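Since the structure comes first, as structure tokens, the remarks are kept for the end.
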Amino acid sequence: MIKVEKKIAGTTLRIESGQIARQSGGAVVVTYGETTLLACANCSKEPREGIDFLPMQVEYREKHYAGGKIPGGFFKREAKPTDNEVLTSRLTDRPIRPLIPKNYRNELQIMLTTLSSDGINNPDIIAAIGASAALLLSPVPFDGPIASVRVGFIDGDYVLNPTKEQMETSDLDLIVTGKKDKVCMIEGGSNFVPEKVILEALDFAMAGINDIVDLQLEFEDQFDNSYEIDDSKPLSDEIEKSLNKTYASKIDKLFDIQGKKEREEAYNDIVKEASDPHVEDELIYGEVKTHIKTMFKDAVRKTVLDKKVRVDGRGLEDVRQITIVPSVLPRVHGSALFTRGETQAIATTTLGTTRDQQIIDSMDSDYKKSFMLHYNFPPYSVGETGRIGFTNRREIGHGHLAERSLKPILPSQEEFPYTIRIVSEITESNGSSSMASVCGGSLALMCAGVPIKEHVAGIAMGLITDGDQYAVLSDILGTEDFYGDMDFKVAGTKEGISAIQLDLKVPGLSMDVLSDALNQANKGRLHILEEMNKSISSPNELSPHAPQIVSFPIDKEKIGGLIGPGGKNIKAIQEQTECVINIDDDGTVSVSSSDKEKLDIAITQIKAITEDPKVGSVFDGKVTKTLDFGAFVEFAPGREGLVHISHLDWKRVDKVRDVVSVGDKVKVKLFEIDKQGRLNFSMKLLKDKPK
């Protein structure tokens with residue numbers, strides 16, 4: 001067994017191989033603290049025919065036994081991957097994909113399994129390290145190694161790989177993946193920190209990345225590994241020259257077409273004209289299509305670098321036209337239609353009670369979420385047909401990014417005791433629908449009456465570089481994303497950044513380029529915020545269709561009395577008032593209803609049970625028992641007082657049953673609490689005294 005280790009941020013990182021999964025093409029066990037992950041990389045012996053993409057699959061899985069837990073639910077077995085597992089898979093996939101040759105067509109599968117979790121060190125950064133080390137041992141051509149670290153910002157100091165406990169007080173949660181001295185991927189959220197803090201955090205992260213890369217190189221040196229790269233070129237020089245001569249000018253004219261659909265149709269006509277003569281030769285036919293695609297890509301890049309003009313004629317920093325329709329849907333609690341160029345999202349906000357919170361069953365702990373953002377990307381948004389099935393990884397990833405962007409502006413549960421769900425329906429897409437979801441979601445929150453102080457806006461930045469020069473693009477199109485070198489999404493308020501995500505198609509970027517991109521993104525974000533504030537700049541009144549929720553504290557010692565034996569008291573209040581009542585362990589009670597009158601009745605009854613009633617208070621009660629000397633009246637579930645016969649009426653009453661019977665609803669006034677704490681009520685004091 002081969003093993004290397006090094007202290008990273010005060011905790012030992014260990015990489016080892018040779019004992020577990022010995023038949024795998026590349027297998028390593030990575031341990032950080034007491035969190036252990038198994039990474040296995042395997043590829044097929046032969047390339048997959050008839051495809052023009054890298055067939056790579058990254059699967060991260062958490063096992064509940066790793067945290068000493070048995071899964072919840074009926075089956076008691078880990079089922080489909082959770083959102084967190086999907087997001088961690090994406091965190092590993094995104095930086096690795098650009099580092100494998102574009103013409104590599106062998107099936108590649110990377111399996112990442114958390115075997116032990118200490119609840120202190122998060123396995124998401126360990127996953128990328130494990131995948132990188134496993135690839136170094138495999139026969140896959142991989143331009144690595146890479147390493148991931150997390151950076152926190154706590155009390156003004158940067159912290160490398162903070163623990164989960166430390167992250168609770170951090171203003172920054174930034175995952176940075178890189179090669180030696182180069183950033184490959186960024187994913188993170190923050191509490192509106194300025195661009196300067198992000199750049200300093202990236203610099204801080206690089207020292208840790210370099211240490212982990214060096215450790216992997218030391219590990220790799222102990223193995224004999226080699227691979228071959230297929231550099232063959234099926235298309236002859238003669239055909240290439242002919243295509244270049246015939247179609248170069250036609251491709252240049254595509255830039256005169258403004259609309260995405262019209263431009264795509266013109267491009268497809270060129271592809272068809274060029275490839276049809278070779279339809280009998282399947283290999284050449286496919287390569288001609290690829291070459292035309294390469295010609296268009298080169299033309300896009302050359303136009304941007306040389307002329308500073310983009311596919312749709314915009315300048316490098318121009319943001320497409322924005323139109324906003326607030327409260328576009330009549331019955332939902334809050335909604336907005338956000339359109340930027342040919343990208344459009346319908347965002348809706350729904351307000352619910354604490355019973356609508358999402359329960360998360362993870363390997364380390366169980367917890368509840370009171371804010372969710374779900375993103376849907378139907379095929380019609382790009383004018384296509386497609387299979388309709390479960391939520392895919394892209395939808396989960398984009399939804400998470402938008403959720404992270406908006407979460408810091410939300411009021412606390414004490415201020416606004418609602419469960420909030422935002423849904424973004426992408427109805428058109430041509431570049432950065434996730435950032436449209438951020439903008440639309442912020443608008444929908446205000447339309448629903450959620451008390452947020454200001455808007456959050458998002459913008460996607462692109463990059464074109466030839467190694468010597470580069471151009472940063474604001475508000476990129478789908479074409480610029482596809483043919484460019486970077487997809488850099490930044491969201492935040494005018495004060496600072498709330499979320500950030502960087503994906504690259506080049507091996508890495510320098511800090512100078514990232515600094516320019518962040519500064520340019522700031523200008524674009526401020527412009528979008530200005531347009532959003534023109535539409536709606538402060539929250540509306542709470543939607544009349546939303547449930548009314550009132551939260552207040554009670555003495556924790558009174559929780560048992562409020563619930564009652566077998567839940568009798570709380571059930572009685574809910575049945576009578578049709579309200580939803582939730583009680584937290586700290587004594588916080590939340591009462592919700594769509595009917596204000598019933599809400600007030602429920603609150604009155606709860607306080608009657610949990611608070612000591614005051615002399616002079618008036619209650620609506622029910623007669624539960626009659627005796628010769630008076631009637632007992634239940635004024636709240638489980639609480640009774642006595643109406644003495646002398647207080648039933650101003651006139652003399654001979655028999656209690658002449659005035660009230662069991663089950664009668666009566667109004668009573670508390671006029672005395674005797675020395676034994678007994679409650680004495682009166683009915684006559686609520687009537688006019690006869691003269």
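Chain lettering (A, B, ...) mirrors the order of the structure tokens, residue numbering begins at 1 for each chain separately, and ligand numbering begins at 1 in order of display.
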Residues near Ile8 (chain A), cut-off 7 Å, only C-alpha atoms, skip fewer than 4 positions along chain, as number ranges by chain | A: 12-13, 208
May I have the residues from that selection written out with C-alpha atoms, as a JSON list (two decimals), in the first residue's frame?
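Okay, this is what ended up in again_19.json:
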```json
[["chain", "number", "residue", "atom", "x", "y", "z"],
["A", 12, "THR", "CA", -3.89, 15.73, 8.33],
["A", 13, "LEU", "CA", -4.83, 14.95, 4.73],
["A", 208, "GLY", "CA", -3.75, 25.42, 0.22]]
```
Check the DSSP output for the backbone and give back, as a list in words, the residues of region 572-608 of chain A in alpha helix (DSSP H).
->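 Output for region 572-608 of chain A, alpha helix (DSSP H) only: Ala572, Ile573, Gln574, Glu575, Gln576, Thr577, Lys596, Glu597, Lys598, Leu599, Asp600, Ile601, Ala602, Ile603, Thr604, Gln605, Ile606, Lys607 and Ala608 of chain A.
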Within 12 Å of Pro277 (chain A), counting only C-alpha atoms, which residues qualify if same-chain residues fewer than 5 places away don't, as a PDB file with N, CA and C atoms, in the first residue's frame?
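The resulting part.pdb:
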```
ATOM      1  N   ILE A 239      -9.879  18.924 -48.061  1.00  0.00           N
ATOM      2  CA  ILE A 239     -11.284  19.200 -47.735  1.00  0.00           C
ATOM      3  C   ILE A 239     -11.380  20.405 -46.805  1.00  0.00           C
ATOM      4  N   LEU A 243     -13.483  23.842 -47.541  1.00  0.00           N
ATOM      5  CA  LEU A 243     -14.526  24.334 -46.634  1.00  0.00           C
ATOM      6  C   LEU A 243     -14.229  25.755 -46.180  1.00  0.00           C
ATOM      7  N   VAL A 271     -24.355  24.270 -42.501  1.00  0.00           N
ATOM      8  CA  VAL A 271     -23.907  22.921 -42.144  1.00  0.00           C
ATOM      9  C   VAL A 271     -24.461  21.900 -43.134  1.00  0.00           C
ATOM     10  N   LYS A 272     -25.729  22.028 -43.468  1.00  0.00           N
ATOM     11  CA  LYS A 272     -26.367  21.086 -44.398  1.00  0.00           C
ATOM     12  C   LYS A 272     -25.729  21.177 -45.783  1.00  0.00           C
ATOM     13  N   GLU A 282     -19.873   8.199 -43.673  1.00  0.00           N
ATOM     14  CA  GLU A 282     -20.326   8.606 -42.339  1.00  0.00           C
ATOM     15  C   GLU A 282     -19.244   9.347 -41.565  1.00  0.00           C
ATOM     16  N   ILE A 284     -16.493  11.077 -42.729  1.00  0.00           N
ATOM     17  CA  ILE A 284     -16.222  12.406 -43.287  1.00  0.00           C
ATOM     18  C   ILE A 284     -17.416  13.330 -43.052  1.00  0.00           C
ATOM     19  N   TYR A 285     -18.632  12.785 -43.202  1.00  0.00           N
ATOM     20  CA  TYR A 285     -19.862  13.553 -42.998  1.00  0.00           C
ATOM     21  C   TYR A 285     -19.860  14.202 -41.599  1.00  0.00           C
ATOM     22  N   GLY A 286     -19.511  13.421 -40.590  1.00  0.00           N
ATOM     23  CA  GLY A 286     -19.473  13.947 -39.228  1.00  0.00           C
ATOM     24  C   GLY A 286     -18.354  14.952 -39.024  1.00  0.00           C
ATOM     25  N   VAL A 288     -17.028  16.928 -41.303  1.00  0.00           N
ATOM     26  CA  VAL A 288     -17.355  18.192 -41.975  1.00  0.00           C
ATOM     27  C   VAL A 288     -18.227  19.048 -41.054  1.00  0.00           C
ATOM     28  N   LYS A 289     -19.219  18.427 -40.432  1.00  0.00           N
ATOM     29  CA  LYS A 289     -20.063  19.162 -39.489  1.00  0.00           C
ATOM     30  C   LYS A 289     -19.227  19.751 -38.351  1.00  0.00           C
TER      31      LYS A 289
END
```
Within 9 Å of Lys505 (chain A), counting only C-alpha atoms, which residues qualify if same-chain residues fewer than 5 places away don't, as a list in words?
-> Pro95, Arg97, Pro98, Leu99, Cys184, Gly484, Asp485, Met486 and Asp487 of chain A
Selection: 9 Å around Leu87 (chain A), only C-alpha atoms, excl. self and same-chain fewer than 2 positions, as a VMD selection string | chain A and resid 60 82 to 85 89 to 92 124 393 396 to 397 400
Write a file of the selected residues as a PDB file, in the first residue's frame, keeping N, CA and C atoms.
```
ATOM      1  N   TYR A  60     -21.295  10.920  -6.771  1.00  0.00           N
ATOM      2  CA  TYR A  60     -20.930  11.014  -5.354  1.00  0.00           C
ATOM      3  C   TYR A  60     -22.081  10.478  -4.512  1.00  0.00           C
ATOM      4  N   THR A  82     -29.541  12.515  -3.065  1.00  0.00           N
ATOM      5  CA  THR A  82     -30.108  13.750  -2.544  1.00  0.00           C
ATOM      6  C   THR A  82     -29.571  14.932  -3.350  1.00  0.00           C
ATOM      7  N   ASP A  83     -30.188  16.102  -3.151  1.00  0.00           N
ATOM      8  CA  ASP A  83     -29.698  17.298  -3.829  1.00  0.00           C
ATOM      9  C   ASP A  83     -28.245  17.568  -3.472  1.00  0.00           C
ATOM     10  N   ASN A  84     -27.880  17.346  -2.211  1.00  0.00           N
ATOM     11  CA  ASN A  84     -26.501  17.593  -1.790  1.00  0.00           C
ATOM     12  C   ASN A  84     -25.534  16.661  -2.520  1.00  0.00           C
ATOM     13  N   GLU A  85     -25.920  15.406  -2.715  1.00  0.00           N
ATOM     14  CA  GLU A  85     -25.057  14.469  -3.431  1.00  0.00           C
ATOM     15  C   GLU A  85     -24.919  14.873  -4.902  1.00  0.00           C
ATOM     16  N   SER A  89     -21.461  16.005  -6.746  1.00  0.00           N
ATOM     17  CA  SER A  89     -21.046  15.377  -8.008  1.00  0.00           C
ATOM     18  C   SER A  89     -20.690  16.447  -9.035  1.00  0.00           C
ATOM     19  N   ARG A  90     -21.515  17.491  -9.114  1.00  0.00           N
ATOM     20  CA  ARG A  90     -21.262  18.581 -10.060  1.00  0.00           C
ATOM     21  C   ARG A  90     -19.996  19.358  -9.691  1.00  0.00           C
ATOM     22  N   LEU A  91     -19.767  19.540  -8.404  1.00  0.00           N
ATOM     23  CA  LEU A  91     -18.559  20.247  -7.957  1.00  0.00           C
ATOM     24  C   LEU A  91     -17.295  19.526  -8.408  1.00  0.00           C
ATOM     25  N   THR A  92     -17.378  18.205  -8.511  1.00  0.00           N
ATOM     26  CA  THR A  92     -16.226  17.408  -8.942  1.00  0.00           C
ATOM     27  C   THR A  92     -16.144  17.334 -10.460  1.00  0.00           C
ATOM     28  N   ASP A 124     -17.305  17.360   0.717  1.00  0.00           N
ATOM     29  CA  ASP A 124     -17.460  17.851  -0.657  1.00  0.00           C
ATOM     30  C   ASP A 124     -16.131  18.274  -1.281  1.00  0.00           C
ATOM     31  N   ARG A 393     -29.741  17.078 -13.168  1.00  0.00           N
ATOM     32  CA  ARG A 393     -28.672  17.671 -12.375  1.00  0.00           C
ATOM     33  C   ARG A 393     -28.524  19.166 -12.626  1.00  0.00           C
ATOM     34  N   ILE A 396     -31.149  21.041 -10.704  1.00  0.00           N
ATOM     35  CA  ILE A 396     -30.825  21.071  -9.274  1.00  0.00           C
ATOM     36  C   ILE A 396     -29.704  22.071  -9.008  1.00  0.00           C
ATOM     37  N   GLY A 397     -28.671  22.054  -9.863  1.00  0.00           N
ATOM     38  CA  GLY A 397     -27.536  22.958  -9.680  1.00  0.00           C
ATOM     39  C   GLY A 397     -27.921  24.418  -9.844  1.00  0.00           C
ATOM     40  N   HIS A 400     -30.042  25.557  -6.913  1.00  0.00           N
ATOM     41  CA  HIS A 400     -29.239  25.764  -5.711  1.00  0.00           C
ATOM     42  C   HIS A 400     -28.501  27.098  -5.766  1.00  0.00           C
TER      43      HIS A 400
END
```
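Remark: for Gly259 (chain A), the closest of the candidate residues A:Ser442, A:Phe219, A:Asp312, A:Met56 is A:Asp312 (distances computed over only C-alpha atoms).
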Residues within 10 Å of Tyr418 (chain A), only C-alpha atoms, excluding chain neighbours under 3 positions, as a PyMOL selection string | chain A and resi 350-357+370-371+411-415+421+450+546-551+590+592
Hey, what's within 12 Å of Asp612 (chain A) if we count only C-alpha atoms and toss same-chain stuff fewer than 3 positions away? As a list in words, please?
->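 Near neighbours after the sequence-gap exclusion: Ile554, Asp555, Lys558, Ile606, Lys607, Ala608, Ile609, Val615, Ser617, Ala636, Arg639, Leu670, Ile673, Gly677, Arg678 and Leu679 of chain A.
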How would the residues just picked look written out with N, CA and C atoms as a PDB file, in the first residue's frame?
```
ATOM      1  N   ILE A 554     -44.079  31.236  24.635  1.00  0.00           N
ATOM      2  CA  ILE A 554     -44.767  30.873  25.871  1.00  0.00           C
ATOM      3  C   ILE A 554     -43.729  30.270  26.814  1.00  0.00           C
ATOM      4  N   ASP A 555     -44.080  30.176  28.074  1.00  0.00           N
ATOM      5  CA  ASP A 555     -43.215  29.532  29.059  1.00  0.00           C
ATOM      6  C   ASP A 555     -43.056  28.056  28.675  1.00  0.00           C
ATOM      7  N   LYS A 558     -45.109  25.452  30.213  1.00  0.00           N
ATOM      8  CA  LYS A 558     -46.532  25.372  29.889  1.00  0.00           C
ATOM      9  C   LYS A 558     -46.807  24.603  28.588  1.00  0.00           C
ATOM     10  N   ILE A 606     -54.988  29.857  23.282  1.00  0.00           N
ATOM     11  CA  ILE A 606     -53.628  29.421  23.650  1.00  0.00           C
ATOM     12  C   ILE A 606     -53.129  30.221  24.844  1.00  0.00           C
ATOM     13  N   LYS A 607     -53.346  31.533  24.792  1.00  0.00           N
ATOM     14  CA  LYS A 607     -52.871  32.370  25.891  1.00  0.00           C
ATOM     15  C   LYS A 607     -53.661  32.109  27.166  1.00  0.00           C
ATOM     16  N   ALA A 608     -54.911  31.719  27.022  1.00  0.00           N
ATOM     17  CA  ALA A 608     -55.708  31.377  28.198  1.00  0.00           C
ATOM     18  C   ALA A 608     -55.153  30.152  28.902  1.00  0.00           C
ATOM     19  N   ILE A 609     -54.564  29.226  28.116  1.00  0.00           N
ATOM     20  CA  ILE A 609     -53.977  28.016  28.702  1.00  0.00           C
ATOM     21  C   ILE A 609     -52.592  28.283  29.257  1.00  0.00           C
ATOM     22  N   VAL A 615     -57.629  39.167  36.451  1.00  0.00           N
ATOM     23  CA  VAL A 615     -58.964  39.584  36.895  1.00  0.00           C
ATOM     24  C   VAL A 615     -59.477  40.660  35.950  1.00  0.00           C
ATOM     25  N   SER A 617     -60.659  39.790  32.895  1.00  0.00           N
ATOM     26  CA  SER A 617     -60.663  39.203  31.555  1.00  0.00           C
ATOM     27  C   SER A 617     -62.010  38.553  31.268  1.00  0.00           C
ATOM     28  N   ALA A 636     -60.881  27.514  28.229  1.00  0.00           N
ATOM     29  CA  ALA A 636     -59.835  27.123  27.290  1.00  0.00           C
ATOM     30  C   ALA A 636     -59.664  25.625  27.453  1.00  0.00           C
ATOM     31  N   ARG A 639     -58.831  23.938  30.877  1.00  0.00           N
ATOM     32  CA  ARG A 639     -58.856  24.917  31.973  1.00  0.00           C
ATOM     33  C   ARG A 639     -60.297  25.318  32.268  1.00  0.00           C
ATOM     34  N   LEU A 670     -63.837  36.977  34.606  1.00  0.00           N
ATOM     35  CA  LEU A 670     -63.072  36.586  35.795  1.00  0.00           C
ATOM     36  C   LEU A 670     -63.057  37.771  36.766  1.00  0.00           C
ATOM     37  N   ILE A 673     -59.558  35.630  41.831  1.00  0.00           N
ATOM     38  CA  ILE A 673     -58.703  34.448  41.957  1.00  0.00           C
ATOM     39  C   ILE A 673     -58.453  34.283  43.445  1.00  0.00           C
ATOM     40  N   GLY A 677     -55.869  29.766  44.357  1.00  0.00           N
ATOM     41  CA  GLY A 677     -55.633  29.876  42.921  1.00  0.00           C
ATOM     42  C   GLY A 677     -56.825  29.492  42.083  1.00  0.00           C
ATOM     43  N   ARG A 678     -57.997  29.283  42.714  1.00  0.00           N
ATOM     44  CA  ARG A 678     -59.188  28.912  41.971  1.00  0.00           C
ATOM     45  C   ARG A 678     -59.768  30.140  41.277  1.00  0.00           C
ATOM     46  N   LEU A 679     -60.305  29.889  40.095  1.00  0.00           N
ATOM     47  CA  LEU A 679     -60.821  30.972  39.262  1.00  0.00           C
ATOM     48  C   LEU A 679     -62.328  31.079  39.453  1.00  0.00           C
TER      49      LEU A 679
END
```
Which residue, A:Gly524, A:Gly449, A:Gly638, A:Gly566, has the smallest gap to Val490 (chain A) when you use only C-alpha atoms?
->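 Going through A:Gly524, A:Gly449, A:Gly638, A:Gly566 one by one, the smallest distance to Val490 (chain A) is for A:Gly524.
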Which residue, A:Gly130, A:Gly315, A:Gly188, A:Pro194, has the smallest gap to Gly496 (chain A) when you use only C-alpha atoms?
->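 Among the listed residues, A:Pro194 lies closest to Gly496 (chain A).
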Work out how far CA of Leu316 (chain A) is from CA of Gln469 (chain A), in Å to one decimal.
->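 We find that CA of Gln469 (chain A) and CA of Leu316 (chain A) lie 14.2 Å from each other.
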What are the DSSP strand (DSSP E) residues of region 438-664 of chain A, as a ChimeraX atom specification?
-> /A:457-465,470-474,486-492,497-504,548-553,580-583,588-593,618-627,630-636,639-644
Nearest to Pro379 (chain A), chosen from A:Ile426, A:Gly73, A:Lys307, A:Pro408, with only C-alpha atoms counted in the distances =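 Selected residue with least distance to Pro379 (chain A): A:Ile426.
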Would you work out the distance separating CA of Glu454 (chain A) from CA of Ile422 (chain A), expressed in Å to one decimal?
->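 Atom-to-atom, CA of Glu454 (chain A) to CA of Ile422 (chain A), that is 16.9 Å.
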Of A:Thr113, A:Thr169, A:Asn392, A:Thr294, the one sitting nearest Ala131 (chain A) when using only C-alpha atoms is A:Thr113
Point out the residue among A:Leu562, A:Leu137, A:Leu108, A:Thr349 with the least atom-to-atom distance to Ala27 (chain A), counting only C-alpha atoms.
->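 The shortest atom-to-atom distance to Ala27 (chain A) comes from A:Leu137.
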